[in-house]
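Content type mmCIF, C-alpha atoms, from the file query.cif:
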data_protein
loop_
_atom_site.label_atom_id
_atom_site.label_comp_id
_atom_site.auth_asym_id
_atom_site.auth_seq_id
_atom_site.Cartn_x
_atom_site.Cartn_y
_atom_site.Cartn_z
CA MET A 23 -4.45 -1.12 28.24
CA MET A 24 -5.30 0.61 31.51
CA GLY A 25 -2.47 2.58 33.09
CA GLY A 26 -1.95 0.00 35.88
CA GLU A 27 -1.95 -2.91 33.45
CA LEU A 28 0.54 -1.15 31.18
CA ALA A 29 2.79 -0.41 34.17
CA ALA A 30 2.78 -4.13 35.02
CA VAL A 31 4.17 -5.04 31.59
CA ARG A 32 6.42 -1.98 31.20
CA CYS A 33 9.61 -4.06 31.22
CA ASP A 34 8.17 -6.46 28.63
CA LEU A 35 7.18 -3.50 26.45
CA GLU A 36 10.65 -1.97 26.70
CA ASP A 37 12.24 -5.28 25.68
CA PHE A 38 9.78 -5.60 22.79
CA ALA A 39 10.46 -2.04 21.62
CA ALA A 40 14.22 -2.58 21.81
CA GLU A 41 13.84 -5.62 19.55
CA MET A 42 11.54 -3.87 17.06
CA PHE A 43 13.64 -0.69 16.84
CA GLU A 44 17.09 -2.29 16.95
CA ALA A 45 17.89 -1.12 13.41
CA PHE A 46 17.27 2.57 14.17
CA ALA A 47 20.41 4.59 13.61
CA ARG A 48 20.03 6.94 16.58
CA ALA A 49 19.28 6.46 20.26
CA ASP A 50 16.64 9.22 20.20
CA GLN A 51 14.74 7.32 17.46
CA ARG A 52 14.77 4.17 19.58
CA ARG A 53 13.59 6.16 22.58
CA TRP A 54 10.68 7.87 20.84
CA GLY A 55 9.68 4.62 19.15
CA GLY A 56 9.16 3.11 22.60
CA VAL A 57 7.31 6.20 23.83
CA TYR A 58 5.00 6.21 20.79
CA LEU A 59 4.18 2.53 21.36
CA ARG A 60 3.34 3.29 25.00
CA GLY A 61 1.09 6.15 23.91
CA LEU A 62 -0.81 3.87 21.53
CA LEU A 63 -1.33 1.30 24.29
CA LEU A 64 -2.68 3.70 26.92
CA ASP A 65 -6.40 3.22 27.49
CA GLU A 66 -7.75 6.45 26.03
CA HIS A 67 -9.71 6.88 22.83
CA ARG A 68 -7.81 9.39 20.69
CA LYS A 69 -4.34 8.24 19.58
CA SER A 70 -3.14 11.22 17.55
CA VAL A 71 0.05 12.92 18.70
CA GLU A 72 -1.33 15.75 20.83
CA PRO A 73 -3.66 13.73 23.11
CA MET A 74 -1.05 10.97 23.42
CA ALA A 75 1.56 13.51 24.49
CA ALA A 76 -0.83 14.88 27.12
CA ARG A 77 -1.20 11.40 28.65
CA LEU A 78 2.47 10.41 28.60
CA GLY A 79 3.59 12.59 31.51
CA GLU A 80 7.28 13.46 31.47
CA ASP A 81 7.66 11.70 28.10
CA GLY A 82 4.87 13.76 26.56
CA ASN A 83 6.95 15.89 24.23
CA ARG A 84 4.47 16.64 21.46
CA GLN A 85 7.08 18.10 19.12
CA ALA A 86 9.43 15.12 19.49
CA LEU A 87 6.62 12.60 18.96
CA ALA A 88 5.33 14.47 15.90
CA HIS A 89 8.83 14.63 14.40
CA PHE A 90 9.42 10.93 15.08
CA VAL A 91 6.25 9.73 13.35
CA THR A 92 6.13 12.30 10.53
CA SER A 93 9.64 13.39 9.58
CA SER A 94 12.27 11.18 11.20
CA PRO A 95 14.13 9.24 8.46
CA TRP A 96 13.56 5.64 9.57
CA GLU A 97 12.56 2.84 7.25
CA PRO A 98 9.24 1.13 8.15
CA ALA A 99 10.26 -2.09 6.34
CA HIS A 100 13.03 -2.69 8.88
CA VAL A 101 10.49 -2.66 11.72
CA ARG A 102 8.00 -4.74 9.75
CA ALA A 103 10.59 -7.42 9.03
CA ARG A 104 11.44 -7.72 12.73
CA LEU A 105 7.75 -7.77 13.56
CA ALA A 106 7.15 -10.55 11.03
CA TRP A 107 10.07 -12.64 12.35
CA LYS A 108 8.79 -12.26 15.92
CA MET A 109 5.17 -13.09 15.14
CA GLN A 110 6.03 -16.01 12.85
CA GLN A 111 7.72 -17.74 15.77
CA VAL A 112 4.73 -17.18 18.06
CA ILE A 113 1.72 -17.51 15.75
CA LYS A 114 3.16 -20.31 13.58
CA PRO A 115 1.06 -19.06 10.67
CA THR A 116 -0.73 -21.43 8.32
CA THR A 117 -2.21 -18.67 6.17
CA LEU A 118 -1.55 -15.24 4.70
CA ILE A 119 -4.61 -13.00 4.73
CA ILE A 120 -4.81 -9.96 2.45
CA ASP A 121 -7.34 -7.13 2.62
CA ASP A 122 -7.66 -3.36 2.65
CA THR A 123 -9.27 -0.83 4.96
CA GLY A 124 -10.32 2.79 4.64
CA PHE A 125 -9.04 5.83 6.52
CA LEU A 126 -11.85 8.39 6.37
CA LYS A 127 -10.76 12.00 5.80
CA ASP A 128 -12.63 15.32 5.85
CA GLY A 129 -10.18 17.26 3.72
CA ASP A 130 -8.12 16.60 0.60
CA ALA A 131 -4.61 17.42 1.81
CA SER A 132 -3.51 13.98 3.04
CA ALA A 133 -1.39 11.77 0.78
CA CYS A 134 -3.47 9.66 -1.63
CA VAL A 135 -6.84 10.79 -0.28
CA SER A 136 -9.59 10.50 -2.88
CA ARG A 137 -13.27 9.70 -3.30
CA GLN A 138 -13.27 5.91 -3.52
CA TYR A 139 -15.19 2.93 -2.23
CA THR A 140 -14.25 1.57 1.17
CA GLY A 141 -15.87 -1.20 3.15
CA THR A 142 -15.16 0.87 6.28
CA ALA A 143 -18.00 3.21 5.30
CA GLY A 144 -19.77 0.81 2.94
CA LYS A 145 -19.86 3.44 0.21
CA VAL A 146 -17.81 5.78 -1.98
CA THR A 147 -16.42 8.49 0.26
CA ASN A 148 -13.38 10.69 0.84
CA CYS A 149 -10.65 8.44 2.26
CA GLN A 150 -7.25 6.84 2.02
CA ALA A 151 -7.06 3.08 1.40
CA GLY A 152 -4.42 0.87 2.99
CA VAL A 153 -3.68 -2.69 1.88
CA SER A 154 -2.35 -5.02 4.57
CA LEU A 155 -0.80 -8.48 4.82
CA HIS A 156 -1.43 -10.58 7.93
CA LEU A 157 0.14 -13.75 9.26
CA ALA A 158 -2.65 -15.96 10.65
CA SER A 159 -3.43 -19.23 12.35
CA ASP A 160 -6.65 -20.38 13.99
CA GLY A 161 -5.64 -18.81 17.30
CA ALA A 162 -3.96 -15.51 16.42
CA SER A 163 -2.97 -13.11 13.64
CA ALA A 164 -0.83 -10.03 13.07
CA ALA A 165 -0.50 -7.35 10.40
CA VAL A 166 3.12 -7.41 9.23
CA ASP A 167 3.12 -5.31 6.05
CA TRP A 168 1.24 -2.34 4.56
CA ARG A 169 0.88 -0.37 1.35
CA LEU A 170 -0.89 2.98 0.89
CA PHE A 171 -2.98 2.76 -2.30
CA LEU A 172 -2.26 5.62 -4.72
CA PRO A 173 -5.35 6.37 -6.88
CA GLU A 174 -4.94 7.23 -10.55
CA SER A 175 -5.86 10.85 -9.79
CA TRP A 176 -2.54 11.14 -7.87
CA ASP A 177 -0.43 9.60 -10.64
CA PRO A 178 1.03 12.14 -13.09
CA ALA A 179 1.45 9.38 -15.70
CA SER A 180 -2.25 8.47 -15.64
CA PRO A 181 -4.80 9.95 -18.06
CA LYS A 182 -7.05 10.35 -14.99
CA ALA A 183 -4.49 12.51 -13.17
CA ASP A 184 -5.88 15.45 -11.18
CA PRO A 185 -3.47 18.41 -11.54
CA ALA A 186 -4.28 19.68 -8.02
CA LYS A 187 -3.49 16.30 -6.45
CA VAL A 188 -0.37 15.79 -8.54
CA ALA A 189 0.83 19.22 -7.39
CA ARG A 190 0.49 18.09 -3.74
CA ARG A 191 2.71 15.02 -4.16
CA ALA A 192 5.94 16.79 -3.17
CA LYS A 193 4.38 18.42 -0.11
CA CYS A 194 2.99 15.02 0.95
CA GLY A 195 6.41 13.40 0.55
CA ILE A 196 5.26 10.87 -2.05
CA PRO A 197 8.35 9.41 -3.76
CA ALA A 198 8.67 10.38 -7.42
CA ASP A 199 8.81 6.74 -8.55
CA VAL A 200 5.51 5.77 -6.86
CA GLY A 201 2.61 5.55 -9.28
CA HIS A 202 -0.81 3.98 -9.41
CA VAL A 203 -0.70 0.20 -8.81
CA GLU A 204 -3.79 -2.00 -8.43
CA LYS A 205 -4.44 -3.29 -4.92
CA TRP A 206 -4.02 -6.92 -5.96
CA GLN A 207 -0.55 -6.11 -7.32
CA LEU A 208 0.33 -4.34 -4.06
CA ALA A 209 -0.68 -7.57 -2.31
CA LEU A 210 1.66 -9.64 -4.51
CA ASP A 211 4.44 -7.11 -3.88
CA MET A 212 3.99 -7.55 -0.13
CA ILE A 213 4.13 -11.33 -0.47
CA ASP A 214 7.40 -10.95 -2.38
CA GLU A 215 8.76 -8.61 0.29
CA MET A 216 7.77 -11.02 3.07
CA ARG A 217 9.58 -13.81 1.24
CA SER A 218 12.66 -11.60 1.00
CA TRP A 219 12.58 -11.58 4.82
CA GLY A 220 12.84 -15.38 4.76
CA ILE A 221 9.21 -16.08 5.66
CA GLU A 222 7.27 -18.66 3.66
CA VAL A 223 3.57 -19.36 4.25
CA PRO A 224 1.99 -21.76 1.72
CA LEU A 225 -1.63 -20.56 1.66
CA ALA A 226 -3.30 -17.20 0.90
CA VAL A 227 -6.82 -15.98 1.66
CA ALA A 228 -8.46 -12.83 0.30
CA ASP A 229 -11.93 -11.49 -0.47
CA GLY A 230 -13.58 -10.83 -3.81
CA GLY A 231 -11.84 -7.51 -4.30
CA TYR A 232 -8.71 -9.59 -4.96
CA GLY A 233 -10.10 -12.95 -6.07
CA ASP A 234 -12.03 -11.36 -8.94
CA ALA A 235 -8.70 -10.34 -10.51
CA ALA A 236 -7.58 -13.37 -12.51
CA ALA A 237 -4.08 -11.84 -12.68
CA PHE A 238 -3.93 -11.97 -8.88
CA ARG A 239 -4.84 -15.66 -8.82
CA VAL A 240 -2.30 -16.37 -11.56
CA GLY A 241 0.30 -14.40 -9.60
CA LEU A 242 -0.31 -16.56 -6.52
CA GLU A 243 0.05 -19.74 -8.58
CA GLU A 244 3.25 -18.46 -10.19
CA ARG A 245 4.60 -18.05 -6.66
CA GLY A 246 3.62 -21.63 -5.81
CA LEU A 247 0.93 -20.55 -3.35
CA ALA A 248 -2.33 -22.31 -2.67
CA TYR A 249 -5.30 -20.00 -2.18
CA VAL A 250 -8.94 -19.67 -1.21
CA VAL A 251 -10.22 -16.33 -2.50
CA GLY A 252 -13.62 -14.74 -2.70
CA ILE A 253 -15.15 -14.16 -6.12
CA SER A 254 -18.28 -12.43 -7.41
CA THR A 255 -21.35 -14.25 -8.68
CA THR A 256 -20.56 -13.28 -12.28
CA THR A 257 -17.15 -15.03 -12.42
CA THR A 258 -17.39 -17.54 -15.26
CA ALA A 259 -16.28 -21.16 -15.52
CA GLN A 260 -16.76 -24.39 -17.41
CA PRO A 261 -17.98 -27.56 -15.66
CA GLU A 262 -15.22 -30.00 -14.73
CA GLY A 263 -16.29 -32.45 -17.45
CA ALA A 264 -16.17 -29.89 -20.29
CA ARG A 265 -13.55 -30.57 -22.96
CA PRO A 266 -12.36 -28.33 -25.82
CA HIS A 267 -12.69 -29.40 -29.45
CA ILE A 268 -11.69 -28.06 -32.86
CA PRO A 269 -14.71 -26.88 -34.92
CA LEU A 270 -15.07 -28.10 -38.50
CA TYR A 271 -12.90 -26.20 -40.95
CA GLY A 272 -14.86 -24.41 -43.67
CA GLY A 273 -11.87 -24.19 -46.02
CA ARG A 274 -11.38 -20.43 -45.81
CA GLY A 275 -9.32 -18.26 -43.50
CA PRO A 276 -7.15 -19.51 -40.64
CA ARG A 277 -7.85 -22.95 -39.26
CA PRO A 278 -10.02 -22.86 -36.11
CA GLN A 279 -8.41 -23.26 -32.67
CA LEU A 280 -9.53 -25.43 -29.78
CA VAL A 281 -12.66 -24.05 -28.12
CA TYR A 282 -15.14 -25.28 -25.54
CA PRO A 283 -18.44 -26.34 -27.12
CA GLU A 284 -20.50 -24.07 -24.84
CA ALA A 285 -19.91 -20.62 -23.43
CA ALA A 286 -18.65 -20.45 -19.86
CA LYS A 287 -21.37 -19.90 -17.25
CA ALA A 288 -21.53 -17.67 -14.19
CA VAL A 289 -20.52 -19.58 -11.06
CA LYS A 290 -23.86 -18.78 -9.46
CA LYS A 291 -25.65 -20.64 -12.27
CA LEU A 292 -23.35 -23.65 -11.87
CA VAL A 293 -24.14 -23.88 -8.15
CA ILE A 294 -27.88 -23.46 -8.64
CA ALA A 295 -27.77 -26.15 -11.33
CA ALA A 296 -26.12 -28.50 -8.81
CA GLY A 297 -29.11 -27.85 -6.57
CA LEU A 298 -29.79 -27.93 -2.86
CA GLN A 299 -29.07 -31.65 -2.80
CA ALA A 300 -25.38 -30.78 -3.27
CA ALA A 301 -25.31 -28.57 -0.14
CA ARG A 302 -23.69 -30.00 2.99
CA PRO A 303 -23.72 -28.59 6.54
CA VAL A 304 -20.34 -27.41 7.89
CA GLN A 305 -19.40 -25.94 11.27
CA TRP A 306 -16.16 -23.96 10.99
CA ARG A 307 -15.57 -22.46 14.45
CA GLU A 308 -17.12 -21.21 17.66
CA GLY A 309 -17.86 -17.51 17.86
CA SER A 310 -17.91 -14.99 20.71
CA ARG A 311 -21.62 -15.14 21.60
CA PRO A 312 -22.94 -17.54 24.27
CA GLY A 313 -24.27 -20.77 22.80
CA SER A 314 -24.19 -24.54 22.83
CA GLY A 315 -20.63 -25.07 21.61
CA ARG A 316 -18.15 -27.06 23.69
CA SER A 317 -16.59 -23.85 24.97
CA GLY A 318 -19.99 -22.36 25.79
CA PHE A 319 -20.09 -20.16 22.69
CA LYS A 320 -22.30 -20.23 19.61
CA ARG A 321 -21.14 -22.50 16.80
CA MET A 322 -20.65 -20.90 13.37
CA TYR A 323 -22.60 -23.09 10.98
CA SER A 324 -24.06 -23.00 7.46
CA ARG A 325 -24.54 -25.10 4.30
CA PHE A 326 -22.02 -25.20 1.48
CA VAL A 327 -21.75 -26.54 -2.05
CA ALA A 328 -18.28 -27.61 -3.26
CA LEU A 329 -17.87 -28.25 -6.99
CA ARG A 330 -14.93 -28.98 -9.28
CA ILE A 331 -14.94 -26.47 -12.14
CA ARG A 332 -12.66 -24.90 -14.78
CA PRO A 333 -12.39 -21.11 -14.28
CA ALA A 334 -12.54 -19.27 -17.60
CA GLY A 335 -11.18 -15.99 -18.93
CA ARG A 336 -8.35 -14.66 -21.10
CA GLU A 337 -5.78 -14.47 -18.26
CA ILE A 338 -6.50 -18.07 -17.30
CA ARG A 339 -6.20 -19.33 -20.88
CA LYS A 340 -2.88 -17.51 -21.35
CA ALA A 341 -1.46 -19.01 -18.16
CA ALA A 342 -2.70 -22.57 -18.82
CA ASP A 343 -0.07 -25.20 -19.70
CA GLY A 344 -2.22 -26.80 -22.40
CA PRO A 345 -5.48 -26.35 -24.28
CA GLU A 346 -7.62 -27.36 -21.30
CA LEU A 347 -8.52 -24.93 -18.54
CA PRO A 348 -7.21 -26.12 -15.14
CA VAL A 349 -9.66 -27.61 -12.63
CA HIS A 350 -10.20 -25.77 -9.35
CA TRP A 351 -12.60 -25.81 -6.44
CA LEU A 352 -15.72 -23.63 -6.41
CA LEU A 353 -17.15 -23.20 -2.91
CA ALA A 354 -20.52 -21.54 -2.32
CA GLU A 355 -22.35 -20.79 0.92
CA TRP A 356 -26.08 -21.54 0.68
CA PRO A 357 -27.79 -20.90 4.04
CA VAL A 358 -30.97 -22.82 4.79
CA THR A 359 -32.82 -19.51 5.08
CA GLU A 360 -31.84 -18.32 1.58
CA PRO A 361 -33.38 -19.28 -1.77
CA GLU A 362 -30.00 -19.21 -3.53
CA PRO A 363 -26.27 -19.16 -2.66
CA VAL A 364 -24.95 -15.96 -1.10
CA GLN A 365 -21.15 -16.14 -1.19
CA PHE A 366 -18.56 -17.74 -3.47
CA TRP A 367 -14.88 -18.70 -3.30
CA LEU A 368 -12.36 -20.17 -5.72
CA SER A 369 -9.48 -22.40 -4.63
CA ASN A 370 -6.58 -24.26 -6.20
CA LEU A 371 -6.20 -26.60 -3.21
CA PRO A 372 -5.78 -30.28 -4.21
CA ALA A 373 -8.72 -32.30 -5.53
CA ASP A 374 -8.80 -34.48 -2.41
CA THR A 375 -9.21 -31.50 -0.05
CA PRO A 376 -12.25 -32.09 2.21
CA PRO A 377 -14.99 -29.47 1.73
CA ALA A 378 -14.86 -28.72 5.47
CA THR A 379 -11.21 -27.69 5.05
CA LEU A 380 -12.16 -25.35 2.21
CA VAL A 381 -14.84 -23.76 4.40
CA ARG A 382 -12.60 -23.31 7.43
CA THR A 383 -9.88 -21.78 5.27
CA ALA A 384 -12.26 -19.38 3.53
CA LYS A 385 -13.79 -18.34 6.84
CA LEU A 386 -10.38 -17.70 8.42
CA ARG A 387 -10.63 -14.25 6.86
CA TRP A 388 -12.55 -13.21 10.02
CA ARG A 389 -9.14 -12.84 11.64
CA ILE A 390 -8.27 -9.80 9.51
CA GLU A 391 -11.57 -8.17 10.44
CA HIS A 392 -10.72 -8.89 14.09
CA ASP A 393 -7.27 -7.26 13.61
CA TYR A 394 -8.73 -4.15 11.94
CA ARG A 395 -11.32 -3.76 14.70
CA GLU A 396 -8.70 -3.98 17.45
CA MET A 397 -6.25 -1.67 15.70
CA LYS A 398 -8.92 0.94 14.94
CA GLN A 399 -10.94 0.86 18.15
CA ALA A 400 -8.19 0.34 20.72
CA LEU A 401 -4.91 1.41 19.10
CA GLY A 402 -5.75 4.43 16.94
CA LEU A 403 -5.01 3.02 13.49
CA ALA A 404 -7.15 5.70 11.80
CA HIS A 405 -6.23 8.55 14.20
CA PHE A 406 -3.09 9.76 12.45
CA GLU A 407 -3.53 13.47 11.62
CA GLY A 408 -0.35 13.93 9.61
CA ARG A 409 -0.62 14.34 5.86
CA THR A 410 2.56 12.78 4.55
CA TRP A 411 3.34 9.48 2.85
CA PRO A 412 6.20 8.64 5.28
CA GLY A 413 4.06 9.61 8.28
CA TRP A 414 1.22 7.29 7.26
CA HIS A 415 3.59 4.34 6.80
CA HIS A 416 5.32 5.09 10.11
CA HIS A 417 2.02 5.27 12.01
CA VAL A 418 0.45 2.07 10.63
CA THR A 419 3.72 0.22 11.28
CA LEU A 420 3.80 1.38 14.90
CA VAL A 421 0.13 0.49 15.39
CA SER A 422 0.86 -2.99 13.99
CA ALA A 423 3.69 -3.32 16.51
CA ALA A 424 1.38 -2.24 19.35
CA HIS A 425 -1.23 -4.76 18.20
CA ALA A 426 1.41 -7.49 18.05
CA PHE A 427 2.48 -6.68 21.62
CA CYS A 428 -1.14 -7.03 22.78
CA THR A 429 -1.39 -10.37 20.96
CA LEU A 430 1.82 -11.60 22.59
CA HIS A 431 0.47 -10.51 25.97
CA ARG A 432 -2.78 -12.44 25.43
CA LEU A 433 -0.98 -15.53 24.22
CA THR A 434 1.24 -15.48 27.30
CA ARG A 435 -1.79 -15.32 29.61
CA SER A 436 -3.84 -17.95 27.72
CA PRO A 437 -3.58 -21.41 29.32
CA LYS A 438 -3.96 -23.08 25.94
CA GLY A 439 -1.42 -20.89 24.21
CA THR A 440 -3.97 -19.32 21.91
CA ALA A 441 -5.35 -15.82 21.93
CA PRO A 442 -9.01 -15.60 22.90
CA THR A 443 -11.40 -14.52 20.16
#

Starting from the file, give its structure as structure tokens.
Amino acid sequence: MMGGELAAVRCDLEDFAAEMFEAFARADQRRWGGVYLRGLLLDEHRKSVEPMAARLGEDGNRQALAHFVTSSPWEPAHVRARLAWKMQQVIKPTTLIIDDTGFLKDGDASACVSRQYTGTAGKVTNCQAGVSLHLASDGASAAVDWRLFLPESWDPASPKADPAKVARRAKCGIPADVGHVEKWQLALDMIDEMRSWGIEVPLAVADGGYGDAAAFRVGLEERGLAYVVGISTTTTAQPEGARPHIPLYGGRGPRPQLVYPEAAKAVKKLVIAAGLQAARPVQWREGSRPGSGRSGFKRMYSRFVALRIRPAGREIRKAADGPELPVHWLLAEWPVTEPEPVQFWLSNLPADTPPATLVRTAKLRWRIEHDYREMKQALGLAHFEGRTWPGWHHHVTLVSAAHAFCTLHRLTRSPKGTAPT
């Protein structure tokens, strides 16, 4: 926000900060929480402690701000819970969206930094990876929980442990009981934590980095959640009509178990076999570019194939109630300009779900990309220069609070009660 605009909402920001930081034990923590939020919201590019302090005038105590975000003993989960309660009331979320983003680093001293793939750079590079959970509806979204991914090289119990990185754990403030956990499990842990705050959202959306893990999909189903998750082209499944049978017994060895007569096929092959005649046009929303939509913006449109299939794999068989694999939705985007489908999703939504609903749910993931862009470009999500585990969690929590305040401000100004896209 520009300085004048921030001054106009100063009272609102102070009320918001008081609500978010109510659980802080000390008055100085509550004070510097509000100051840090104001620093993140000021309209300047760099949001690390030193440049923020220089812009904050009489509140620009660099040492106090650095101590607050890096060393002060406050629990981020207490702020996140209050943030989630606040945004649930305003957003009225229909969907949980899960994803991760990279925090690029030049050196190797920051907690959990490692050479790993990140979509932020589109390649393997030196970075931290943060997994986030967002409450979302068609009109707005907010990041309400975070986990810093700890690679195996930082885990002393892992055979891939790097002695130099393990030796830095204490200096980085990484708790002794924190080890390597897959990102999809971190996502399930955040869902459990959100539920412990009394928030229930019935539907989850995630990309292929999560949907490809059958254990993640099973974990969502065990929690009674519906989902639409991205999957890779090589995910295998049986057609809906396939049925298992018991092969003839040859009289030797153990009796054969129920098996499907043919091997499971890659989902891409199942969609191509259905053919272009199965593709249907779907418009899922209006974008931000000028166009012919009712609001004057370009309509987001493509062709999709929706099939009923039986996802295969050991995890799925173990979790199945009976000998038959459960039937789910396979959704594939097949643009008119492409010779074959380009993107795939799997969903356990009911059999009578309209394909257009599947598409709109799958495409709602754009909201998390929108959140990341705002938090990184305007609010300094990736600007934290501290190296500690507590400092990282403090900073991303405060940036999420600043982003939520901006969302609340937009919603208040919007005549339709929805944040503009």

Any chance you could resolve the PyMOL selection byres ((chain A and resi 108-112) around 12) against this file and give the residues as a PDB file with C-alpha atoms, in the frame of the given file?
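Dumped to part_20.pdb:
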ATOM      1  CA  PHE A  38       9.780  -5.600  22.790  1.00  0.00           C
ATOM      2  CA  ALA A  39      10.460  -2.040  21.620  1.00  0.00           C
ATOM      3  CA  GLU A  41      13.840  -5.620  19.550  1.00  0.00           C
ATOM      4  CA  MET A  42      11.540  -3.870  17.060  1.00  0.00           C
ATOM      5  CA  VAL A 101      10.490  -2.660  11.720  1.00  0.00           C
ATOM      6  CA  ARG A 102       8.000  -4.740   9.750  1.00  0.00           C
ATOM      7  CA  ALA A 103      10.590  -7.420   9.030  1.00  0.00           C
ATOM      8  CA  ARG A 104      11.440  -7.720  12.730  1.00  0.00           C
ATOM      9  CA  LEU A 105       7.750  -7.770  13.560  1.00  0.00           C
ATOM     10  CA  ALA A 106       7.150 -10.550  11.030  1.00  0.00           C
ATOM     11  CA  TRP A 107      10.070 -12.640  12.350  1.00  0.00           C
ATOM     12  CA  ILE A 113       1.720 -17.510  15.750  1.00  0.00           C
ATOM     13  CA  LYS A 114       3.160 -20.310  13.580  1.00  0.00           C
ATOM     14  CA  PRO A 115       1.060 -19.060  10.670  1.00  0.00           C
ATOM     15  CA  THR A 116      -0.730 -21.430   8.320  1.00  0.00           C
ATOM     16  CA  THR A 117      -2.210 -18.670   6.170  1.00  0.00           C
ATOM     17  CA  LEU A 118      -1.550 -15.240   4.700  1.00  0.00           C
ATOM     18  CA  HIS A 156      -1.430 -10.580   7.930  1.00  0.00           C
ATOM     19  CA  LEU A 157       0.140 -13.750   9.260  1.00  0.00           C
ATOM     20  CA  ALA A 158      -2.650 -15.960  10.650  1.00  0.00           C
ATOM     21  CA  SER A 159      -3.430 -19.230  12.350  1.00  0.00           C
ATOM     22  CA  GLY A 161      -5.640 -18.810  17.300  1.00  0.00           C
ATOM     23  CA  ALA A 162      -3.960 -15.510  16.420  1.00  0.00           C
ATOM     24  CA  SER A 163      -2.970 -13.110  13.640  1.00  0.00           C
ATOM     25  CA  ALA A 164      -0.830 -10.030  13.070  1.00  0.00           C
ATOM     26  CA  ALA A 165      -0.500  -7.350  10.400  1.00  0.00           C
ATOM     27  CA  VAL A 166       3.120  -7.410   9.230  1.00  0.00           C
ATOM     28  CA  MET A 216       7.770 -11.020   3.070  1.00  0.00           C
ATOM     29  CA  TRP A 219      12.580 -11.580   4.820  1.00  0.00           C
ATOM     30  CA  GLY A 220      12.840 -15.380   4.760  1.00  0.00           C
ATOM     31  CA  ILE A 221       9.210 -16.080   5.660  1.00  0.00           C
ATOM     32  CA  GLU A 222       7.270 -18.660   3.660  1.00  0.00           C
ATOM     33  CA  VAL A 223       3.570 -19.360   4.250  1.00  0.00           C
ATOM     34  CA  SER A 422       0.860  -2.990  13.990  1.00  0.00           C
ATOM     35  CA  ALA A 423       3.690  -3.320  16.510  1.00  0.00           C
ATOM     36  CA  HIS A 425      -1.230  -4.760  18.200  1.00  0.00           C
ATOM     37  CA  ALA A 426       1.410  -7.490  18.050  1.00  0.00           C
ATOM     38  CA  PHE A 427       2.480  -6.680  21.620  1.00  0.00           C
ATOM     39  CA  CYS A 428      -1.140  -7.030  22.780  1.00  0.00           C
ATOM     40  CA  THR A 429      -1.390 -10.370  20.960  1.00  0.00           C
ATOM     41  CA  LEU A 430       1.820 -11.600  22.590  1.00  0.00           C
ATOM     42  CA  HIS A 431       0.470 -10.510  25.970  1.00  0.00           C
ATOM     43  CA  ARG A 432      -2.780 -12.440  25.430  1.00  0.00           C
ATOM     44  CA  LEU A 433      -0.980 -15.530  24.220  1.00  0.00           C
ATOM     45  CA  THR A 434       1.240 -15.480  27.300  1.00  0.00           C
ATOM     46  CA  GLY A 439      -1.420 -20.890  24.210  1.00  0.00           C
ATOM     47  CA  THR A 440      -3.970 -19.320  21.910  1.00  0.00           C
ATOM     48  CA  ALA A 441      -5.350 -15.820  21.930  1.00  0.00           C
TER      49      ALA A 441
END

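Counting only C-alpha atoms, the residue from A:Leu368, A:Ile390, A:Val289, A:Ala75 that sits nearest to Asp122 (chain A) is A:Ile390.
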
Tell me which protein, DNA and RNA residues are within 12 Å of Leu63 (chain A), counting only C-alpha atoms, leaving out same-chain ones fewer than 5 positions away, and put them as a PyMOL selection string.
chain A and resi 23-29+31-32+35+56-58+68-69+74+77-78+396-397+399-403+420-428

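Interatomic distance, CA of His392 (chain A) to CA of Tyr232 (chain A): 19.2 Å.
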
Residues in the PyMOL selection byres ((chain A and resi 52) around 12), expressed as a PyMOL selection string:
chain A and resi 36-51+53-59+87+90-91+94+96+101

Given the file shown, determine the residues that the PyMOL selection byres ((chain A and resi 148) around 10) selects; report them as a PyMOL selection string.
chain A and resi 124-130+135-140+143+145-147+149-151

Go through A:Gln365, A:Thr410, A:Ser93, A:Thr359 one by one, measure the shortest atom-to-atom distance of each to Ser132 (chain A) using all atoms listed in the file, and give the residue with the smallest value.
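Among the listed residues, A:Thr410 lies closest to Ser132 (chain A).
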
Coords for region 173-179 of chain A, N, CA and C atoms, as a PDB file, in the first residue's frame:
ATOM      1  N   PRO A 173      14.667 -31.341   4.026  1.00  0.00           N
ATOM      2  CA  PRO A 173      15.181 -32.404   3.150  1.00  0.00           C
ATOM      3  C   PRO A 173      15.897 -33.498   3.938  1.00  0.00           C
ATOM      4  N   GLU A 174      16.046 -34.644   3.317  1.00  0.00           N
ATOM      5  CA  GLU A 174      16.713 -35.766   3.983  1.00  0.00           C
ATOM      6  C   GLU A 174      18.140 -35.430   4.379  1.00  0.00           C
ATOM      7  N   SER A 175      18.794 -34.541   3.617  1.00  0.00           N
ATOM      8  CA  SER A 175      20.183 -34.182   3.927  1.00  0.00           C
ATOM      9  C   SER A 175      20.302 -33.470   5.268  1.00  0.00           C
ATOM     10  N   TRP A 176      19.182 -32.917   5.789  1.00  0.00           N
ATOM     11  CA  TRP A 176      19.189 -32.237   7.087  1.00  0.00           C
ATOM     12  C   TRP A 176      18.727 -33.141   8.229  1.00  0.00           C
ATOM     13  N   ASP A 177      18.377 -34.369   7.930  1.00  0.00           N
ATOM     14  CA  ASP A 177      17.825 -35.287   8.931  1.00  0.00           C
ATOM     15  C   ASP A 177      18.904 -36.258   9.391  1.00  0.00           C
ATOM     16  N   PRO A 178      19.339 -36.177  10.650  1.00  0.00           N
ATOM     17  CA  PRO A 178      20.409 -37.069  11.113  1.00  0.00           C
ATOM     18  C   PRO A 178      20.023 -38.542  11.070  1.00  0.00           C
ATOM     19  N   ALA A 179      18.723 -38.852  11.034  1.00  0.00           N
ATOM     20  CA  ALA A 179      18.285 -40.247  11.004  1.00  0.00           C
ATOM     21  C   ALA A 179      18.224 -40.807   9.587  1.00  0.00           C
TER      22      ALA A 179
END
